[in-house]
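Reproduced below: input.pdb, with PDB, C-alpha atoms and all ligand atoms.
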```pdb
MODEL        1
ATOM      1  CA  MET A 585      17.999   6.399  14.632
ATOM      2  CA  PRO A 586      18.909   7.797  11.174
ATOM      3  CA  VAL A 587      17.881  11.357  10.395
ATOM      4  CA  GLY A 588      14.528  11.537   8.629
ATOM      5  CA  VAL A 589      13.206   8.272  10.077
ATOM      6  CA  LEU A 590      10.136   8.874  12.181
ATOM      7  CA  GLU A 591       9.926   7.145  15.517
ATOM      8  CA  ALA A 592       7.370   4.325  15.533
ATOM      9  CA  PRO A 593       4.278   4.883  17.681
ATOM     10  CA  SER A 594       3.552   2.424  20.491
ATOM     11  CA  GLY A 595       0.194   1.258  19.184
ATOM     12  CA  PRO A 596      -2.475   1.685  16.512
ATOM     13  CA  ARG A 597      -4.201   5.063  16.320
ATOM     14  CA  VAL A 598      -7.962   5.000  16.875
ATOM     15  CA  LEU A 599     -10.027   7.746  15.284
ATOM     16  CA  LYS A 600     -12.126   9.570  17.869
ATOM     17  CA  SER A 601     -14.543  11.305  15.530
ATOM     18  CA  GLY A 602     -15.665  11.679  11.935
ATOM     19  CA  ASP A 603     -16.804   9.159   9.332
ATOM     20  CA  TYR A 604     -14.296   6.552  10.516
ATOM     21  CA  GLU A 605     -14.825   6.955  14.260
ATOM     22  CA  GLY A 606     -13.671   3.883  16.193
ATOM     23  CA  GLN A 607     -11.508   2.614  13.340
ATOM     24  CA  THR A 608      -7.729   2.690  13.296
ATOM     25  CA  LEU A 609      -5.450   4.439  10.846
ATOM     26  CA  GLU A 610      -3.624   1.135  10.433
ATOM     27  CA  VAL A 611      -6.685  -0.721   9.124
ATOM     28  CA  LEU A 612      -7.721   2.290   7.030
ATOM     29  CA  MET A 613      -4.398   1.962   5.186
ATOM     30  CA  PHE A 614      -5.997  -1.089   3.559
ATOM     31  CA  ASN A 615      -9.608   0.061   3.357
ATOM     32  CA  GLU A 616      -9.505   3.834   2.746
ATOM     33  CA  TYR A 617      -5.959   4.678   1.700
ATOM     34  CA  GLY A 618      -7.053   7.640  -0.441
ATOM     35  CA  HIS A 619      -8.801   9.205   2.532
ATOM     36  CA  LEU A 620      -5.619   9.026   4.627
ATOM     37  CA  VAL A 621      -3.612  10.653   1.831
ATOM     38  CA  PHE A 622      -6.232  13.396   1.637
ATOM     39  CA  VAL A 623      -6.178  14.010   5.409
ATOM     40  CA  LYS A 624      -2.371  14.092   5.406
ATOM     41  CA  LYS A 625      -2.393  16.707   2.608
ATOM     42  CA  MET A 626      -4.891  18.812   4.524
ATOM     43  CA  MET A 627      -2.767  18.578   7.666
ATOM     44  CA  ASP A 628       0.399  19.458   5.718
ATOM     45  CA  LYS A 629      -1.354  22.643   4.636
ATOM     46  CA  ASN A 630      -2.543  23.347   8.190
ATOM     47  CA  LEU A 631      -6.139  23.059   7.089
ATOM     48  CA  VAL A 632      -7.010  20.736   9.980
ATOM     49  CA  ASN A 633      -6.899  22.008  13.531
ATOM     50  CA  GLY A 634      -7.261  20.344  16.899
ATOM     51  CA  SER A 635      -5.329  19.924  20.120
ATOM     52  CA  SER A 636      -3.973  16.488  19.239
ATOM     53  CA  SER A 637      -3.393  17.194  15.561
ATOM     54  CA  SER A 638       0.393  17.365  15.821
ATOM     55  CA  GLU A 639       0.698  13.868  17.276
ATOM     56  CA  PHE A 640      -1.943  12.586  14.882
ATOM     57  CA  HIS A 641      -0.120  14.201  11.973
ATOM     58  CA  LYS A 642       3.160  12.518  12.958
ATOM     59  CA  HIS A 643       1.464   9.135  13.315
ATOM     60  CA  LEU A 644      -0.145   9.483   9.901
ATOM     61  CA  GLU A 645       3.121  10.608   8.332
ATOM     62  CA  TRP A 646       4.937   7.637   9.866
ATOM     63  CA  LEU A 647       2.242   5.214   8.712
ATOM     64  CA  LEU A 648       2.090   6.451   5.117
ATOM     65  CA  GLY A 649       5.900   6.249   5.031
ATOM     66  CA  GLN A 650       5.825   2.645   6.240
ATOM     67  CA  GLY A 651       3.356   1.820   3.472
ATOM     68  CA  GLU A 652       6.122   2.683   1.005
ATOM     69  CA  ASN A 653       8.907   0.539   2.411
ATOM     70  CA  ARG A 654       7.373  -2.837   3.236
ATOM     71  CA  VAL A 655       9.415  -5.782   1.990
ATOM     72  CA  VAL A 656       7.989  -8.790   0.131
ATOM     73  CA  SER A 657       9.455 -12.120   1.216
ATOM     74  CA  GLY A 658       8.839 -13.828  -2.154
ATOM     75  CA  VAL A 659      11.344 -13.663  -4.985
ATOM     76  CA  CYS A 660      10.907 -12.348  -8.520
ATOM     77  CA  LEU A 661       9.292 -14.770 -10.952
ATOM     78  CA  GLY A 662      11.723 -13.680 -13.665
ATOM     79  CA  CYS A 663      15.150 -14.105 -12.052
ATOM     80  CA  HIS A 664      14.111 -16.220  -9.036
ATOM     81  CA  THR A 665      16.704 -14.294  -7.050
ATOM     82  CA  ARG A 666      15.790 -10.720  -6.174
ATOM     83  CA  PRO A 667      12.786  -9.803  -4.003
ATOM     84  CA  VAL A 668       9.471  -8.883  -5.618
ATOM     85  CA  THR A 669       9.111  -5.102  -5.874
ATOM     86  CA  ARG A 670       6.623  -4.680  -8.719
ATOM     87  CA  PHE A 671       3.271  -6.103  -9.743
ATOM     88  CA  SER A 672       1.597  -5.936 -13.114
ATOM     89  CA  VAL A 673      -1.995  -5.244 -14.064
ATOM     90  CA  LEU A 674      -3.881  -5.768 -17.302
ATOM     91  CA  GLY A 675      -6.946  -3.855 -18.382
ATOM     92  CA  SER A 676      -8.191  -0.304 -18.220
ATOM     93  CA  GLU A 677     -10.045   2.060 -15.943
ATOM     94  CA  GLN A 678     -13.152   1.569 -18.093
ATOM     95  CA  ASP A 679     -13.114  -2.235 -18.267
ATOM     96  CA  GLY A 680     -11.488  -2.910 -14.908
ATOM     97  CA  TYR A 681      -8.131  -4.468 -14.191
ATOM     98  CA  SER A 682      -6.940  -7.989 -13.583
ATOM     99  CA  MET A 683      -3.876  -8.821 -11.535
ATOM    100  CA  SER A 684      -2.267 -11.747  -9.807
ATOM    101  CA  ALA A 685       0.690 -12.565  -7.575
ATOM    102  CA  LEU A 686       1.817 -14.754 -10.488
ATOM    103  CA  TYR A 687       2.747 -11.653 -12.465
ATOM    104  CA  THR A 688       5.137  -9.915 -10.128
ATOM    105  CA  CYS A 689       8.830  -9.192 -10.529
ATOM    106  CA  CYS A 690      11.853  -7.229  -9.327
ATOM    107  CA  ASP A 691      13.054  -3.851 -10.639
ATOM    108  CA  ASP A 692      15.172  -5.418 -13.362
ATOM    109  CA  ARG A 693      14.019  -4.481 -16.844
ATOM    110  CA  ALA A 694      14.712  -7.978 -18.224
ATOM    111  CA  CYS A 695      12.446  -9.542 -15.575
ATOM    112  CA  GLU A 696       9.701  -7.046 -16.354
ATOM    113  CA  GLU A 697       9.938  -7.954 -20.048
ATOM    114  CA  MET A 698       9.723 -11.646 -19.189
ATOM    115  CA  ILE A 699       6.520 -11.081 -17.195
ATOM    116  CA  ALA A 700       5.126  -8.856 -19.978
ATOM    117  CA  LEU A 701       5.563 -11.724 -22.467
ATOM    118  CA  LEU A 702       3.125 -13.806 -20.397
ATOM    119  CA  ALA A 703       0.398 -11.275 -21.188
ATOM    120  CA  ILE A 704       0.408 -12.504 -24.831
ATOM    121  CA  GLY A 705      -0.303  -9.493 -27.006
ATOM    122  CA  LYS A 706      -1.509  -7.280 -24.183
ATOM    123  CA  THR A 707       0.591  -4.615 -22.491
ATOM    124  CA  PRO A 708       0.703  -4.849 -18.720
ATOM    125  CA  ILE A 709       1.207  -1.827 -16.504
ATOM    126  CA  PHE A 710       3.867  -2.302 -13.833
ATOM    127  CA  LEU A 711       3.442  -0.642 -10.446
ATOM    128  CA  PRO A 712       5.575  -0.703  -7.300
ATOM    129  CA  VAL A 713       4.486  -2.993  -4.459
ATOM    130  CA  ARG A 714       3.656  -0.008  -2.274
ATOM    131  CA  PHE A 715       0.468   1.299  -0.772
ATOM    132  CA  SER A 716       0.706   4.477  -2.867
ATOM    133  CA  SER A 717       0.029   2.319  -5.950
ATOM    134  CA  LEU A 718      -3.590   2.248  -4.754
ATOM    135  CA  MET A 719      -3.832   5.862  -5.920
ATOM    136  CA  TYR A 720      -3.451   4.681  -9.506
ATOM    137  CA  PHE A 721      -6.920   3.126  -9.358
ATOM    138  CA  LYS A 722     -10.009   5.284  -9.528
ATOM    139  CA  TYR A 723     -12.586   2.603  -8.777
ATOM    140  CA  LYS A 724     -13.119   0.723  -5.555
ATOM    141  CA  HIS A 725     -13.444  -2.716  -7.180
ATOM    142  CA  ASP A 726      -9.963  -2.278  -8.657
ATOM    143  CA  ARG A 727      -8.512  -0.993  -5.387
ATOM    144  CA  LEU A 728      -9.984  -3.990  -3.540
ATOM    145  CA  GLN A 729      -8.091  -6.285  -5.898
ATOM    146  CA  VAL A 730      -4.853  -4.404  -5.228
ATOM    147  CA  VAL A 731      -5.408  -4.583  -1.456
ATOM    148  CA  SER A 732      -6.007  -8.309  -1.724
ATOM    149  CA  LEU A 733      -2.856  -8.700  -3.824
ATOM    150  CA  LEU A 734      -0.789  -6.669  -1.351
ATOM    151  CA  LYS A 735      -2.045  -8.769   1.567
ATOM    152  CA  GLY A 736      -1.032 -11.915  -0.302
ATOM    153  CA  LEU A 737       2.407 -10.587  -1.229
ATOM    154  CA  PHE A 738       3.050  -9.467   2.348
ATOM    155  CA  ASN A 739       1.829 -12.800   3.801
ATOM    156  CA  LEU A 740      -1.034 -11.120   5.617
ATOM    157  CA  PRO A 741      -4.425 -12.786   6.145
ATOM    158  CA  GLN A 742      -7.233 -11.401   3.975
ATOM    159  CA  ARG A 743      -9.125 -10.523   7.176
ATOM    160  CA  ILE A 744      -6.938  -8.169   9.118
ATOM    161  CA  ASN A 745      -7.537  -6.410  12.409
ATOM    162  CA  ARG A 746      -5.878  -3.400  14.054
ATOM    163  CA  ASP A 747      -3.242  -5.504  15.830
ATOM    164  CA  ILE A 748      -2.182  -7.411  12.730
ATOM    165  CA  ALA A 749      -2.119  -4.173  10.740
ATOM    166  CA  PHE A 750      -0.109  -2.285  13.375
ATOM    167  CA  GLN A 751       2.379  -5.118  13.752
ATOM    168  CA  PHE A 752       2.836  -5.242   9.990
ATOM    169  CA  PHE A 753       3.551  -1.508   9.674
ATOM    170  CA  SER A 754       5.796  -1.514  12.752
ATOM    171  CA  GLN A 755       8.221  -4.112  11.395
TER     172      GLN A 755
HETATM  173 ZN    ZN B 801      13.995 -10.355 -11.274
ENDMDL
END
```
Would you kindly transcribe this structure into structure tokens?
Ligand SMILES: [Zn+2]
Amino acid sequence: MPVGVLEAPSGPRVLKSGDYEGQTLEVLMFNEYGHLVFVKKMMDKNLVNGSSSSEFHKHLEWLLGQGENRVVSGVCLGCHTRPVTRFSVLGSEQDGYSMSALYTCCDDRACEEMIALLAIGKTPIFLPVRFSSLMYFKYKHDRLQVVSLLKGLFNLPQRINRDIAFQFFSQ
């Protein structure tokens, strides 16, 4: 195993207490990503204690890392060759955002410009197809759209459970 790659856990991690008791970290990646980022930051600073916190911390670190390196099977709508790595959104925090799998592309600047032209007079914002892009959105209704988009891009069903989620992040 290459240095820096965390070993994958054997199954989803169920929360034993707190607001999300009974839920798994894997499903919370979709539903409460910001909370997981917050918990990870707290754990990094040693602000959370507990006998199992080291193992929990490692699992969370692994999971958040996997959320950054998932691969989309579809190809860029600009070049029809390279894999999709970016999605675009139109709108604003105030008015809400709109987004669609139709407006996704690879990292190539020319492809991004081609997708931007489809917005006709508006300027789309391009974000990486990663779970951390959820942090760009302040409001839940926008984040729900992003989650739905990510599920579509990653060929996941809209209704996911802990097993589907764990399998997806373990790939
Ligand atoms: Zn492209």
Can you turn the PyMOL selection byres (((not hetatm)) within 12 of (chain B and resi 801)) into a concrete residue list for this file, as a PyMOL selection string? chain A and resi 658-671+687-699
Only C-alpha atoms, please: the residues just picked out, written as a short mmCIF file (atom, residue, chain, number, x, y, z; two decimals), in the coordinates of the input.
```
data_model
loop_
_atom_site.label_atom_id
_atom_site.label_comp_id
_atom_site.auth_asym_id
_atom_site.auth_seq_id
_atom_site.Cartn_x
_atom_site.Cartn_y
_atom_site.Cartn_z
CA GLY A 658 8.84 -13.83 -2.15
CA VAL A 659 11.34 -13.66 -4.99
CA CYS A 660 10.91 -12.35 -8.52
CA LEU A 661 9.29 -14.77 -10.95
CA GLY A 662 11.72 -13.68 -13.66
CA CYS A 663 15.15 -14.10 -12.05
CA HIS A 664 14.11 -16.22 -9.04
CA THR A 665 16.70 -14.29 -7.05
CA ARG A 666 15.79 -10.72 -6.17
CA PRO A 667 12.79 -9.80 -4.00
CA VAL A 668 9.47 -8.88 -5.62
CA THR A 669 9.11 -5.10 -5.87
CA ARG A 670 6.62 -4.68 -8.72
CA PHE A 671 3.27 -6.10 -9.74
CA TYR A 687 2.75 -11.65 -12.46
CA THR A 688 5.14 -9.91 -10.13
CA CYS A 689 8.83 -9.19 -10.53
CA CYS A 690 11.85 -7.23 -9.33
CA ASP A 691 13.05 -3.85 -10.64
CA ASP A 692 15.17 -5.42 -13.36
CA ARG A 693 14.02 -4.48 -16.84
CA ALA A 694 14.71 -7.98 -18.22
CA CYS A 695 12.45 -9.54 -15.58
CA GLU A 696 9.70 -7.05 -16.35
CA GLU A 697 9.94 -7.95 -20.05
CA MET A 698 9.72 -11.65 -19.19
CA ILE A 699 6.52 -11.08 -17.20
#
```
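Ranking A:Met627, A:Ser684, A:Gln751, A:Gln729 by their shortest atom-to-atom distance to Ala703 in chain A, with all atoms listed in the file included, puts A:Ser684 first.
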One-decimal distance in Å that lies between CA of Tyr617 in chain A and CA of Leu648 in chain A: 8.9 Å
Taking the file as shown, find all residues satisfying the PyMOL selection byres (((chain A and resi 737) around 8) and not hetatm) and write them as an mmCIF file with C-alpha atoms, in the frame of the given file.
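The resulting expr-v2.cif:
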```
data_model
loop_
_atom_site.group_PDB
_atom_site.id
_atom_site.type_symbol
_atom_site.label_atom_id
_atom_site.label_comp_id
_atom_site.auth_asym_id
_atom_site.auth_seq_id
_atom_site.Cartn_x
_atom_site.Cartn_y
_atom_site.Cartn_z
ATOM 1 C CA VAL A 656 7.989 -8.790 0.131
ATOM 2 C CA SER A 657 9.455 -12.120 1.216
ATOM 3 C CA GLY A 658 8.839 -13.828 -2.154
ATOM 4 C CA ALA A 685 0.690 -12.565 -7.575
ATOM 5 C CA LEU A 733 -2.856 -8.700 -3.824
ATOM 6 C CA LEU A 734 -0.789 -6.669 -1.351
ATOM 7 C CA LYS A 735 -2.045 -8.769 1.567
ATOM 8 C CA GLY A 736 -1.032 -11.915 -0.302
ATOM 9 C CA PHE A 738 3.050 -9.467 2.348
ATOM 10 C CA ASN A 739 1.829 -12.800 3.801
ATOM 11 C CA LEU A 740 -1.034 -11.120 5.617
#
```
How close does each residue of range 635-743 of chain A get to range 587-610 of chain A, giving the shortest atom pair and distance in Å to one decimal for every residue with an atom at most 10 Å away, counting only C-alpha atoms, sorted by chain and residue number, as JSON lines?
```
{"residue": "A:Glu639", "atom": "CA", "partner": "A:Pro593", "partner_atom": "CA", "distance": 9.7}
{"residue": "A:Phe640", "atom": "CA", "partner": "A:Arg597", "partner_atom": "CA", "distance": 8.0}
{"residue": "A:Lys642", "atom": "CA", "partner": "A:Leu590", "partner_atom": "CA", "distance": 7.9}
{"residue": "A:His643", "atom": "CA", "partner": "A:Pro593", "partner_atom": "CA", "distance": 6.7}
{"residue": "A:Leu644", "atom": "CA", "partner": "A:Leu609", "partner_atom": "CA", "distance": 7.4}
{"residue": "A:Glu645", "atom": "CA", "partner": "A:Leu590", "partner_atom": "CA", "distance": 8.2}
{"residue": "A:Trp646", "atom": "CA", "partner": "A:Leu590", "partner_atom": "CA", "distance": 5.8}
{"residue": "A:Leu647", "atom": "CA", "partner": "A:Glu610", "partner_atom": "CA", "distance": 7.3}
{"residue": "A:Leu648", "atom": "CA", "partner": "A:Glu610", "partner_atom": "CA", "distance": 9.4}
{"residue": "A:Gly649", "atom": "CA", "partner": "A:Leu590", "partner_atom": "CA", "distance": 8.7}
{"residue": "A:Gln650", "atom": "CA", "partner": "A:Ala592", "partner_atom": "CA", "distance": 9.6}
{"residue": "A:Gly651", "atom": "CA", "partner": "A:Glu610", "partner_atom": "CA", "distance": 9.9}
```
Polymer residues at most 9 Å from Tyr681 in chain A, all atoms listed in the file, same-chain spacing of 5 or more positions, as a PyMOL selection string: chain A and resi 673-676+725-726+729
Which of these, A:Val623, A:Val713, A:Ile748, A:Val730, has the shortest distance to His641 in chain A once you count all atoms listed in the file? A:Val623
